[in-house]
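Pasting coords_9.csv here (CSV, C-alpha atoms):
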```
chain,number,residue,atom,x,y,z
A,857,MET,CA,0.0,0.0,0.0
A,858,ILE,CA,1.4,3.4,-1.0
A,859,THR,CA,1.8,5.7,2.0
A,860,GLY,CA,3.9,8.4,0.4
A,861,ILE,CA,1.0,9.8,-1.6
A,862,ALA,CA,2.8,13.1,-2.6
A,863,GLN,CA,5.9,11.1,-3.5
A,864,ALA,CA,4.0,8.7,-5.7
A,865,GLU,CA,2.2,11.6,-7.4
A,866,ALA,CA,5.6,13.3,-8.0
A,867,TRP,CA,6.9,10.0,-9.4
A,868,ARG,CA,4.0,9.8,-11.8
A,869,ARG,CA,4.5,13.4,-12.9
A,870,ARG,CA,8.3,12.9,-13.2
A,871,VAL,CA,9.2,15.7,-10.8
A,872,LEU,CA,11.0,15.8,-7.5
A,873,PRO,CA,8.8,15.0,-4.5
A,874,PRO,CA,8.6,17.4,-1.6
A,875,VAL,CA,10.7,17.4,1.5
A,876,GLU,CA,8.6,15.6,4.2
A,877,GLU,CA,8.7,14.6,7.8
A,878,PRO,CA,7.0,11.2,7.7
A,879,ARG,CA,7.7,10.7,11.5
A,880,PRO,CA,8.7,13.2,14.1
A,881,GLY,CA,12.4,13.6,13.7
A,882,VAL,CA,12.7,11.6,10.5
A,883,TRP,CA,13.0,13.8,7.4
A,884,SER,CA,12.9,12.7,3.8
A,885,ILE,CA,14.9,14.8,1.4
A,886,PRO,CA,14.9,14.0,-2.4
A,887,VAL,CA,18.3,14.5,-4.0
A,888,PRO,CA,18.3,14.5,-7.9
A,889,ILE,CA,20.3,12.0,-9.9
A,890,PRO,CA,21.2,13.6,-13.3
A,891,HIS,CA,20.3,11.7,-16.5
A,892,ASN,CA,19.2,8.5,-14.6
A,893,PRO,CA,15.8,6.7,-14.8
A,894,MET,CA,15.8,6.5,-11.0
A,895,ARG,CA,15.5,10.4,-11.0
A,896,TYR,CA,16.4,10.9,-7.3
A,897,THR,CA,17.6,9.4,-4.1
A,898,LEU,CA,15.6,9.8,-0.9
A,899,SER,CA,18.1,10.9,1.6
A,900,TYR,CA,17.0,10.9,5.3
A,901,ALA,CA,18.0,13.3,8.1
A,902,ILE,CA,17.5,12.2,11.7
A,903,PRO,CA,18.1,14.9,14.3
A,904,ASP,CA,19.2,14.4,17.9
A,905,ASP,CA,20.3,16.6,20.7
A,906,ASP,CA,23.7,17.2,19.2
A,907,GLY,CA,23.0,17.7,15.6
A,908,LEU,CA,21.8,15.2,13.0
A,909,VAL,CA,22.7,12.1,11.0
A,910,VAL,CA,22.2,12.0,7.3
A,911,VAL,CA,21.5,8.6,5.6
A,912,ASP,CA,22.6,8.4,2.0
A,913,PRO,CA,23.5,12.0,0.9
A,914,GLY,CA,23.0,11.0,-2.8
A,915,TRP,CA,24.7,11.7,-6.1
A,916,ASP,CA,27.3,14.5,-6.2
A,917,SER,CA,26.4,17.4,-8.4
A,918,GLY,CA,25.8,21.1,-8.0
A,919,GLU,CA,22.0,20.6,-8.2
A,920,ALA,CA,22.2,17.7,-5.7
A,921,ARG,CA,24.2,19.8,-3.2
A,922,ALA,CA,21.7,22.6,-3.4
A,923,ALA,CA,18.8,20.1,-2.9
A,924,LEU,CA,20.4,18.5,0.1
A,925,THR,CA,21.2,22.0,1.6
A,926,ALA,CA,17.6,23.2,1.0
A,927,GLY,CA,16.2,20.0,2.5
A,928,LEU,CA,18.2,20.4,5.7
A,929,ALA,CA,17.1,24.0,5.9
A,930,ALA,CA,13.4,22.7,5.7
A,931,ALA,CA,14.3,20.5,8.6
A,932,GLY,CA,15.6,23.4,10.6
A,933,ALA,CA,19.3,22.6,10.1
A,934,ASN,CA,22.3,23.4,8.1
A,935,LEU,CA,25.4,21.6,6.8
A,936,ALA,CA,27.4,22.4,9.9
A,937,ASP,CA,24.7,20.6,12.0
A,938,VAL,CA,25.5,17.2,10.4
A,939,THR,CA,27.5,15.1,12.8
A,940,GLY,CA,27.3,11.7,11.1
A,941,ILE,CA,26.7,10.2,7.7
A,942,VAL,CA,25.4,6.6,7.3
A,943,VAL,CA,25.8,4.9,3.9
A,944,THR,CA,23.4,2.0,3.2
A,945,HIS,CA,25.8,1.1,0.4
A,946,VAL,CA,28.5,2.7,-1.7
A,947,HIS,CA,26.8,3.1,-5.1
A,948,PRO,CA,27.3,6.7,-6.3
A,949,ASP,CA,23.7,7.7,-6.0
A,950,HIS,CA,24.0,7.0,-2.3
A,951,HIS,CA,27.7,7.6,-1.4
A,952,GLY,CA,28.7,10.0,-4.1
A,953,MET,CA,28.1,13.2,-2.1
A,954,THR,CA,29.5,11.9,1.2
A,955,GLY,CA,33.0,13.3,0.7
A,956,TRP,CA,31.6,16.8,0.0
A,957,LEU,CA,29.3,16.7,3.0
A,958,ARG,CA,32.0,15.5,5.3
A,959,GLY,CA,34.2,18.4,4.0
A,960,GLU,CA,31.4,20.9,4.8
A,961,SER,CA,30.5,19.5,8.2
A,962,GLY,CA,33.3,17.4,9.6
A,963,ALA,CA,30.9,14.5,10.1
A,964,TRP,CA,32.0,10.9,10.6
A,965,ILE,CA,31.1,8.3,7.9
A,966,GLY,CA,29.7,4.9,8.8
A,967,MET,CA,29.0,1.8,6.8
A,968,HIS,CA,29.1,-2.0,7.2
A,969,PRO,CA,32.6,-3.4,7.0
A,970,ALA,CA,31.6,-5.8,4.2
A,971,GLU,CA,30.5,-2.7,2.3
A,972,ALA,CA,33.8,-0.8,3.0
A,973,ALA,CA,35.6,-3.8,1.4
A,974,THR,CA,33.8,-3.1,-1.9
A,975,LEU,CA,34.9,0.5,-2.2
A,976,PRO,CA,36.8,0.7,-5.5
A,977,THR,CA,39.9,1.9,-3.8
A,978,ARG,CA,40.0,-1.5,-2.1
A,979,ALA,CA,38.3,-3.8,-4.5
A,980,TRP,CA,40.4,-2.8,-7.5
A,981,ARG,CA,43.7,-2.4,-5.6
A,982,GLY,CA,46.5,-4.4,-7.3
A,983,ARG,CA,44.3,-5.6,-10.1
A,984,HIS,CA,45.5,-5.6,-13.7
A,985,PRO,CA,43.6,-3.0,-15.8
A,986,GLY,CA,42.8,-5.8,-18.3
A,987,ILE,CA,40.7,-7.7,-15.8
A,988,ASP,CA,37.5,-6.0,-16.8
A,989,PRO,CA,37.6,-6.7,-20.6
A,990,ASP,CA,39.0,-10.2,-19.9
A,991,TRP,CA,36.0,-10.8,-17.6
A,992,LEU,CA,33.6,-9.5,-20.2
A,993,ARG,CA,35.0,-11.8,-22.8
A,994,PHE,CA,34.7,-14.7,-20.5
A,995,GLN,CA,31.0,-14.0,-20.2
A,996,GLY,CA,30.7,-14.2,-24.0
A,997,VAL,CA,30.4,-10.5,-24.7
A,998,PRO,CA,31.1,-9.9,-28.4
A,999,PRO,CA,34.3,-8.0,-29.3
A,1000,GLU,CA,32.4,-5.0,-30.6
A,1001,GLU,CA,30.6,-4.7,-27.3
A,1002,VAL,CA,33.5,-5.1,-24.9
A,1003,ASP,CA,34.7,-1.5,-25.1
A,1004,LEU,CA,31.1,-0.2,-24.8
A,1005,LEU,CA,30.5,-2.2,-21.6
A,1006,GLY,CA,34.0,-1.7,-20.0
A,1007,VAL,CA,34.5,0.6,-17.0
A,1008,ARG,CA,35.7,3.9,-18.6
A,1009,PRO,CA,38.8,5.5,-17.0
A,1010,ASP,CA,36.9,8.7,-16.2
A,1011,ARG,CA,34.1,6.8,-14.4
A,1012,LEU,CA,36.7,4.7,-12.5
A,1013,ALA,CA,38.5,7.9,-11.4
A,1014,ALA,CA,35.3,9.3,-9.9
A,1015,LEU,CA,34.6,6.0,-8.1
A,1016,LEU,CA,38.1,5.9,-6.7
A,1017,GLU,CA,37.5,9.3,-5.0
A,1018,MET,CA,34.6,8.0,-2.8
A,1019,PRO,CA,35.8,8.3,0.8
A,1020,GLU,CA,36.6,5.6,3.3
A,1021,PRO,CA,34.4,5.2,6.4
A,1022,ASP,CA,35.5,6.5,9.9
A,1023,ARG,CA,33.5,3.8,11.8
A,1024,GLU,CA,32.0,0.4,11.3
A,1025,ILE,CA,28.3,-0.2,11.6
A,1026,ASN,CA,27.6,-3.9,12.1
A,1027,ASP,CA,24.4,-5.9,12.2
A,1028,GLY,CA,22.4,-4.9,15.3
A,1029,ASP,CA,24.4,-1.8,16.1
A,1030,LEU,CA,22.5,1.3,17.4
A,1031,LEU,CA,23.4,4.5,15.6
A,1032,PRO,CA,25.1,7.0,17.9
A,1033,LEU,CA,22.0,9.2,18.3
A,1034,ALA,CA,21.2,10.8,21.6
A,1035,GLY,CA,17.6,10.0,22.7
A,1036,ARG,CA,16.9,7.7,19.7
A,1037,ARG,CA,17.2,4.0,19.1
A,1038,VAL,CA,17.9,3.4,15.4
A,1039,ARG,CA,19.3,-0.1,14.8
A,1040,ALA,CA,21.3,-1.4,11.8
A,1041,VAL,CA,20.0,-4.4,10.0
A,1042,TRP,CA,22.5,-6.1,7.7
A,1043,THR,CA,20.8,-7.1,4.4
A,1044,PRO,CA,23.4,-8.3,1.9
A,1045,GLY,CA,22.5,-9.0,-1.7
A,1046,HIS,CA,22.1,-5.8,-3.6
A,1047,THR,CA,25.6,-5.2,-2.3
A,1048,PRO,CA,27.6,-7.3,0.2
A,1049,GLY,CA,27.3,-4.8,3.1
A,1050,HIS,CA,23.9,-3.2,2.4
A,1051,LEU,CA,22.2,-1.9,5.6
A,1052,CYS,CA,18.6,-1.2,6.5
A,1053,LEU,CA,17.9,1.0,9.5
A,1054,HIS,CA,15.0,0.2,12.0
A,1055,ASP,CA,13.4,2.7,14.3
A,1056,ALA,CA,11.0,0.5,16.3
A,1057,GLU,CA,9.6,3.5,18.2
A,1058,ALA,CA,8.7,5.3,15.0
A,1059,GLY,CA,7.5,2.2,13.3
A,1060,VAL,CA,9.7,2.6,10.2
A,1061,LEU,CA,12.3,0.6,8.3
A,1062,LEU,CA,14.7,2.6,6.1
A,1063,THR,CA,15.2,0.1,3.4
A,1064,GLY,CA,17.8,1.7,1.1
A,1065,ASP,CA,17.8,-0.2,-2.2
A,1066,HIS,CA,17.1,-3.6,-0.6
A,1067,LEU,CA,13.4,-3.1,-0.8
A,1068,LEU,CA,11.7,-0.8,-3.3
A,1069,PRO,CA,7.9,-0.5,-3.9
A,1070,ARG,CA,7.9,-0.9,-7.7
A,1071,ILE,CA,11.0,-2.5,-9.1
A,1072,SER,CA,13.3,-5.3,-8.2
A,1073,PRO,CA,16.7,-4.1,-7.0
A,1074,ASN,CA,19.6,-5.1,-9.2
A,1075,VAL,CA,21.5,-8.0,-7.7
A,1076,ALA,CA,24.7,-8.5,-9.7
A,1077,VAL,CA,27.8,-10.6,-10.2
A,1078,LEU,CA,30.8,-8.3,-10.9
A,1079,PRO,CA,34.5,-9.0,-11.6
A,1080,THR,CA,35.1,-8.5,-7.9
A,1081,SER,CA,32.2,-10.6,-6.7
A,1082,GLU,CA,32.5,-13.6,-4.4
A,1083,GLY,CA,30.0,-16.2,-3.3
A,1084,ASP,CA,26.3,-16.1,-4.2
A,1085,PRO,CA,24.8,-12.6,-4.1
A,1086,LEU,CA,21.3,-13.6,-5.1
A,1087,GLY,CA,21.3,-16.3,-2.4
A,1088,ASP,CA,22.3,-13.6,0.0
A,1089,TYR,CA,19.6,-11.4,-1.2
A,1090,LEU,CA,16.9,-14.0,-0.9
A,1091,ALA,CA,18.0,-14.8,2.7
A,1092,SER,CA,17.9,-11.0,3.5
A,1093,LEU,CA,14.4,-10.8,2.0
A,1094,SER,CA,13.3,-13.6,4.3
A,1095,ARG,CA,14.7,-11.7,7.3
A,1096,THR,CA,13.1,-8.4,6.1
A,1097,ALA,CA,9.7,-10.1,6.0
A,1098,GLY,CA,9.8,-10.0,9.8
A,1099,PHE,CA,9.3,-6.2,9.7
A,1100,GLY,CA,5.8,-6.5,8.1
A,1101,ALA,CA,4.2,-4.2,10.6
A,1102,GLU,CA,6.5,-1.3,9.8
A,1103,GLU,CA,6.3,1.4,7.1
A,1104,ALA,CA,9.0,1.1,4.5
A,1105,LEU,CA,11.1,4.3,3.8
A,1106,PRO,CA,13.0,3.3,0.7
A,1107,ALA,CA,15.9,5.2,-1.0
A,1108,HIS,CA,13.9,5.6,-4.3
A,1109,GLU,CA,10.3,6.2,-5.4
A,1110,TYR,CA,7.9,6.4,-2.4
A,1111,ARG,CA,7.0,5.1,1.0
A,1112,PHE,CA,4.8,2.1,1.4
A,1113,ARG,CA,3.4,-0.5,3.8
A,1114,GLY,CA,3.2,-4.3,3.4
A,1115,ILE,CA,6.8,-5.2,3.6
A,1116,ASP,CA,6.0,-8.9,4.0
A,1117,ALA,CA,3.7,-8.8,0.9
A,1118,ARG,CA,6.4,-7.0,-1.1
A,1119,VAL,CA,9.0,-9.6,0.0
A,1120,ARG,CA,6.7,-12.4,-1.4
A,1121,GLU,CA,6.4,-10.5,-4.7
A,1122,LEU,CA,10.1,-10.2,-5.1
A,1123,VAL,CA,10.7,-13.9,-4.2
A,1124,GLU,CA,8.1,-14.9,-6.8
A,1125,HIS,CA,9.8,-12.6,-9.4
A,1126,HIS,CA,13.1,-14.3,-8.8
A,1127,GLU,CA,11.6,-17.7,-9.0
A,1128,ALA,CA,10.0,-16.8,-12.4
A,1129,ARG,CA,13.3,-15.4,-13.6
A,1130,GLU,CA,15.1,-18.6,-12.6
A,1131,ALA,CA,12.6,-20.7,-14.6
A,1132,GLU,CA,13.1,-18.4,-17.6
A,1133,ILE,CA,16.9,-18.7,-17.4
A,1134,LEU,CA,16.8,-22.5,-17.2
A,1135,ARG,CA,14.6,-22.5,-20.4
A,1136,ALA,CA,17.2,-20.3,-22.1
A,1137,VAL,CA,20.1,-22.5,-21.1
A,1138,GLU,CA,18.4,-25.5,-22.5
A,1139,SER,CA,17.4,-23.8,-25.8
A,1140,LEU,CA,20.7,-22.1,-26.7
A,1141,ASP,CA,23.5,-23.8,-28.6
A,1142,GLU,CA,26.1,-21.9,-26.6
A,1143,PRO,CA,24.5,-20.5,-23.4
A,1144,THR,CA,27.1,-18.0,-22.3
A,1145,GLY,CA,26.1,-15.4,-19.7
A,1146,TRP,CA,25.7,-12.9,-22.5
A,1147,ALA,CA,23.6,-15.2,-24.7
A,1148,VAL,CA,21.3,-16.0,-21.8
A,1149,ALA,CA,20.9,-12.3,-20.9
A,1150,ALA,CA,20.1,-11.4,-24.5
A,1151,CYS,CA,17.1,-13.8,-24.7
A,1152,LEU,CA,15.5,-12.9,-21.4
A,1153,THR,CA,12.5,-10.6,-20.9
A,1154,TRP,CA,13.5,-7.0,-20.0
A,1155,SER,CA,11.1,-4.2,-19.3
A,1156,ARG,CA,12.6,-2.1,-22.1
A,1157,GLY,CA,13.6,-5.0,-24.3
A,1158,TRP,CA,17.2,-6.2,-24.8
A,1159,ASP,CA,17.6,-4.1,-28.0
A,1160,ALA,CA,16.8,-0.9,-26.1
A,1161,LEU,CA,19.5,-1.5,-23.5
A,1162,HIS,CA,22.9,0.0,-24.2
A,1163,GLY,CA,26.2,0.6,-22.4
A,1164,MET,CA,25.9,0.4,-18.6
A,1165,LEU,CA,22.3,-0.7,-18.7
A,1166,ARG,CA,23.2,-3.7,-20.8
A,1167,ARG,CA,26.1,-4.4,-18.5
A,1168,MET,CA,23.7,-4.3,-15.5
A,1169,ALA,CA,21.4,-6.7,-17.3
A,1170,LEU,CA,24.3,-9.1,-17.9
A,1171,ALA,CA,25.4,-8.8,-14.2
A,1172,GLU,CA,21.9,-9.6,-13.0
A,1173,THR,CA,21.7,-12.6,-15.3
A,1174,LEU,CA,25.0,-13.8,-13.9
A,1175,ALA,CA,23.7,-13.5,-10.4
A,1176,HIS,CA,20.9,-16.0,-11.3
A,1177,LEU,CA,23.4,-18.3,-13.1
A,1178,HIS,CA,25.7,-18.3,-10.1
A,1179,HIS,CA,22.8,-18.9,-7.7
A,1180,LEU,CA,21.7,-21.9,-9.8
A,1181,ALA,CA,25.2,-23.2,-9.7
A,1182,ALA,CA,25.3,-22.7,-5.9
A,1183,THR,CA,22.1,-24.8,-5.6
A,1184,GLY,CA,23.5,-27.5,-7.8
A,1185,THR,CA,21.3,-26.9,-10.8
A,1186,LEU,CA,23.8,-25.5,-13.3
A,1187,LYS,CA,27.5,-25.6,-13.8
A,1188,CYS,CA,29.9,-23.5,-15.9
A,1189,LEU,CA,32.2,-25.4,-18.2
A,1190,PRO,CA,35.9,-24.5,-18.3
A,1191,GLY,CA,37.2,-22.3,-21.1
A,1192,THR,CA,36.5,-18.9,-22.6
A,1193,PRO,CA,33.8,-18.1,-23.0
A,1194,GLY,CA,32.2,-19.8,-20.1
A,1195,VAL,CA,29.3,-21.9,-21.2
A,1196,TRP,CA,26.5,-23.0,-18.8
A,1197,GLN,CA,24.7,-26.3,-18.7
A,1198,LYS,CA,22.4,-28.2,-16.5
A,1199,VAL,CA,23.9,-30.6,-14.0
```
Just dump the structure as structure tokens.
Amino acid sequence: MITGIAQAEAWRRRVLPPVEEPRPGVWSIPVPIPHNPMRYTLSYAIPDDDGLVVVDPGWDSGEARAALTAGLAAAGANLADVTGIVVTHVHPDHHGMTGWLRGESGAWIGMHPAEAATLPTRAWRGRHPGIDPDWLRFQGVPPEEVDLLGVRPDRLAALLEMPEPDREINDGDLLPLAGRRVRAVWTPGHTPGHLCLHDAEAGVLLTGDHLLPRISPNVAVLPTSEGDPLGDYLASLSRTAGFGAEEALPAHEYRFRGIDARVRELVEHHEAREAEILRAVESLDEPTGWAVAACLTWSRGWDALHGMLRRMALAETLAHLHHLAATGTLKCLPGTPGVWQKV
């Protein structure tokens, strides 16, 4: 059930939603994302006696800085009042403006240690520059597409500038807020160290990208990935279903209720996708990750996806393939490109 009525209307009209206070002392501030179909990140400001903590400052741009500054003003605060910054995960539309905000306020930065390990400055340290095209070729990406899907040096440079945290926030930790009890809930899957934040007294769960009202968050296998990200995500969904009585405050789109129902929808979506992928593996002559991705159903259609959107679709397909391998249903044959087959 949609509870962020003004937010949903703004989403329908393709404009920024208003700054709102959905609970006393919990402010929702939309921060624009330039040239992106997600349009904005919902940053949250939580005041306490000493200042306030900002959750997910958002994408870094002049327009975004102005929007966050204006949102804080609407909450009766300014940049200097920010004492802490919590990052649900390090994607640029969440962590991108953190460095600037820390520079303006002197605030500490907190994230889960598993998320800190994925920061590009750590994940790419000591890796050969050729690993990305080599990885793409292993997935069966055609030669003419490899350069289009590769991580561009200018994009990598921006990612390498994202700041390190000053403190760890582990599963079950309370945020350092005077007079409030906001607890971290570790929900790996969308990223390894993704955090949700639970304010039991206010009856809200800040869900980051883990749980969105309308779309399925991207769960991806990357060149630096380990383990079974989709398996982690499904386990995190099961845990999140226990917060069914709370209102969800996501990082995109709009607030909603029915967390347990939304969890069921997402589980069913992934089950249907898994069945579609198994049919593709059986029907293709050479079912590489790329070939499987190209014959799946995408909301815009595969032919309409280009560049990073096509890479994200490939990475999402690989997450399903790796999960099916982890459950003993598929295996990847040795060689380049990697070809998948049923066990």
Report task. List the neighbours of A:Val942 out to 8 Å using only C-alpha atoms; skip same-chain residues closer than 2 positions along the sequence, and give me the result as a PyMOL selection string. Result -> chain A and resi 909-912+940+944+965-967
Query raised in the report: Of the candidates A:Asp1022, A:Tyr900, A:Arg895, A:Ala1034, which shows the shortest atom-to-atom distance to A:Val875, using all atoms listed in the file?
Result: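 Of A:Asp1022, A:Tyr900, A:Arg895, A:Ala1034, the one nearest A:Val875, counting all atoms listed in the file, is A:Tyr900.
When all atoms listed in the file are used to compute distances to A:Ala923, the closest of the residues A:Gly955, A:Gly1083, A:Pro878, A:Pro886 turns out to be A:Pro886.
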For A:Leu1005: contacts at 9 Å, only C-alpha atoms, fewer than 4 positions along chain excluded, given as a PDB file with C-alpha atoms, keeping the file's coordinate frame:
```
ATOM      1  CA  PRO A 989      37.600  -6.700 -20.600  1.00  0.00           C
ATOM      2  CA  LEU A 992      33.600  -9.500 -20.200  1.00  0.00           C
ATOM      3  CA  VAL A 997      30.400 -10.500 -24.700  1.00  0.00           C
ATOM      4  CA  GLU A1001      30.600  -4.700 -27.300  1.00  0.00           C
ATOM      5  CA  HIS A1162      22.900   0.000 -24.200  1.00  0.00           C
ATOM      6  CA  GLY A1163      26.200   0.600 -22.400  1.00  0.00           C
ATOM      7  CA  MET A1164      25.900   0.400 -18.600  1.00  0.00           C
ATOM      8  CA  LEU A1165      22.300  -0.700 -18.700  1.00  0.00           C
ATOM      9  CA  ARG A1166      23.200  -3.700 -20.800  1.00  0.00           C
ATOM     10  CA  ARG A1167      26.100  -4.400 -18.500  1.00  0.00           C
TER      11      ARG A1167
END
```
Report task. In the coordinate frame of the file, compute which residues have an atom within 6 Å of (20.7, -1.6, 18.2) when using all atoms listed in the file, and state them as a VMD selection string. Result -> chain A and resid 1028 to 1030 1039
Query raised in the report: To one decimal place, how far is atom CA of A:Pro1048 from atom CA of A:Thr1080 in Å?
Result: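 Spanning atom CA of A:Pro1048 to atom CA of A:Thr1080 is a straight-line distance of 11.1 Å.
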Query - Radius query 9 Å about (22.9, -5.4, 8.9), atoms used: all atoms listed in the file, as a list in words - result: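 Answer for this query, in the requested form: His968, Ile1025, Asn1026, Asp1027, Gly1028, Asp1029, Arg1039, Ala1040, Val1041, Trp1042, Thr1043, Pro1044, Gly1049, His1050, Leu1051, Cys1052 and Leu1053 of chain A.
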Keeping only C-alpha atoms, write the selected residues as an mmCIF file, in the frame of the given file.
```
data_model
loop_
_atom_site.group_PDB
_atom_site.id
_atom_site.type_symbol
_atom_site.label_atom_id
_atom_site.label_comp_id
_atom_site.auth_asym_id
_atom_site.auth_seq_id
_atom_site.Cartn_x
_atom_site.Cartn_y
_atom_site.Cartn_z
ATOM 1 C CA HIS A 968 29.100 -2.000 7.200
ATOM 2 C CA ILE A 1025 28.300 -0.200 11.600
ATOM 3 C CA ASN A 1026 27.600 -3.900 12.100
ATOM 4 C CA ASP A 1027 24.400 -5.900 12.200
ATOM 5 C CA GLY A 1028 22.400 -4.900 15.300
ATOM 6 C CA ASP A 1029 24.400 -1.800 16.100
ATOM 7 C CA ARG A 1039 19.300 -0.100 14.800
ATOM 8 C CA ALA A 1040 21.300 -1.400 11.800
ATOM 9 C CA VAL A 1041 20.000 -4.400 10.000
ATOM 10 C CA TRP A 1042 22.500 -6.100 7.700
ATOM 11 C CA THR A 1043 20.800 -7.100 4.400
ATOM 12 C CA PRO A 1044 23.400 -8.300 1.900
ATOM 13 C CA GLY A 1049 27.300 -4.800 3.100
ATOM 14 C CA HIS A 1050 23.900 -3.200 2.400
ATOM 15 C CA LEU A 1051 22.200 -1.900 5.600
ATOM 16 C CA CYS A 1052 18.600 -1.200 6.500
ATOM 17 C CA LEU A 1053 17.900 1.000 9.500
#
```
Report task. Tell me, as a PyMOL selection string, which residues lie within 10 Å of A:Leu1152, counting all atoms listed in the file; anything in the same chain fewer than 4 positions away does not count. Result -> chain A and resi 1129+1132-1133+1135-1136+1147-1148+1157-1158+1169+1173
**Report entry** Å distance separating atom CA of A:Leu1061 from atom CA of A:Glu1102, one decimal place
**Finding:** 6.3 Å
Report task. Just the residues within 10 Å of A:Arg1095, please, counting only C-alpha atoms, with nothing from its chain fewer than 3 positions along; format it as a list of chain:residue names. Result ->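 Near neighbours after the sequence-gap exclusion: A:Val1041, A:Trp1042, A:Thr1043, A:Tyr1089, A:Leu1090, A:Ala1091, A:Ser1092, A:Gly1098, A:Phe1099, A:Asp1116, A:Val1119.
Among the candidate residues A:His891, A:Arg1023, A:His950, A:His1126, the one lying nearest to A:His1108 is A:His950, with distances computed using all atoms listed in the file.
Here atom CA of A:Asn934 and atom CA of A:Ser961 stand 9.1 Å from one another.
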Requested in this report: Go through A:Asp1084, A:Gln995, A:Gly1035, A:Ser917 and flag the residue nearest A:Pro1190, using all atoms listed in the file for the distances.
Outcome: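 Using all atoms listed in the file, the shortest distance to A:Pro1190 belongs to A:Gln995.
Minimum distance to A:Val1002 across A:Ser1155, A:Ala1160, A:Arg1118, A:Asp990 (counting only C-alpha atoms) occurs at A:Asp990.
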Requested in this report: Write out as a list in words each polymer residue whose atoms come within 9 Å of A:Val1199, counting all atoms listed in the file; drop sequence neighbours fewer than 3 positions from it.
Outcome: Ala1181, Gly1184, Thr1185, Leu1186 and Lys1187 of chain A
Query - Top pick for closest residue to A:Ile885, considering A:Cys1151, A:Ile902, A:Leu1033, A:Val938 and counting all atoms listed in the file - result: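 Of all the options, A:Ile902 lies closest to A:Ile885.
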Grab stretch 1154-1168 of chain A from that structure and dump C-alpha atoms to a file, as a PDB file, in the first residue's frame.
```
ATOM      1  CA  TRP A1154      13.521  -7.037 -19.988  1.00  0.00           C
ATOM      2  CA  SER A1155      11.112  -4.207 -19.260  1.00  0.00           C
ATOM      3  CA  ARG A1156      12.554  -2.101 -22.101  1.00  0.00           C
ATOM      4  CA  GLY A1157      13.578  -5.026 -24.267  1.00  0.00           C
ATOM      5  CA  TRP A1158      17.182  -6.159 -24.770  1.00  0.00           C
ATOM      6  CA  ASP A1159      17.635  -4.142 -27.966  1.00  0.00           C
ATOM      7  CA  ALA A1160      16.769  -0.923 -26.089  1.00  0.00           C
ATOM      8  CA  LEU A1161      19.522  -1.499 -23.523  1.00  0.00           C
ATOM      9  CA  HIS A1162      22.916   0.021 -24.240  1.00  0.00           C
ATOM     10  CA  GLY A1163      26.171   0.649 -22.397  1.00  0.00           C
ATOM     11  CA  MET A1164      25.921   0.369 -18.621  1.00  0.00           C
ATOM     12  CA  LEU A1165      22.252  -0.677 -18.747  1.00  0.00           C
ATOM     13  CA  ARG A1166      23.215  -3.696 -20.850  1.00  0.00           C
ATOM     14  CA  ARG A1167      26.107  -4.435 -18.503  1.00  0.00           C
ATOM     15  CA  MET A1168      23.716  -4.307 -15.517  1.00  0.00           C
TER      16      MET A1168
END
```
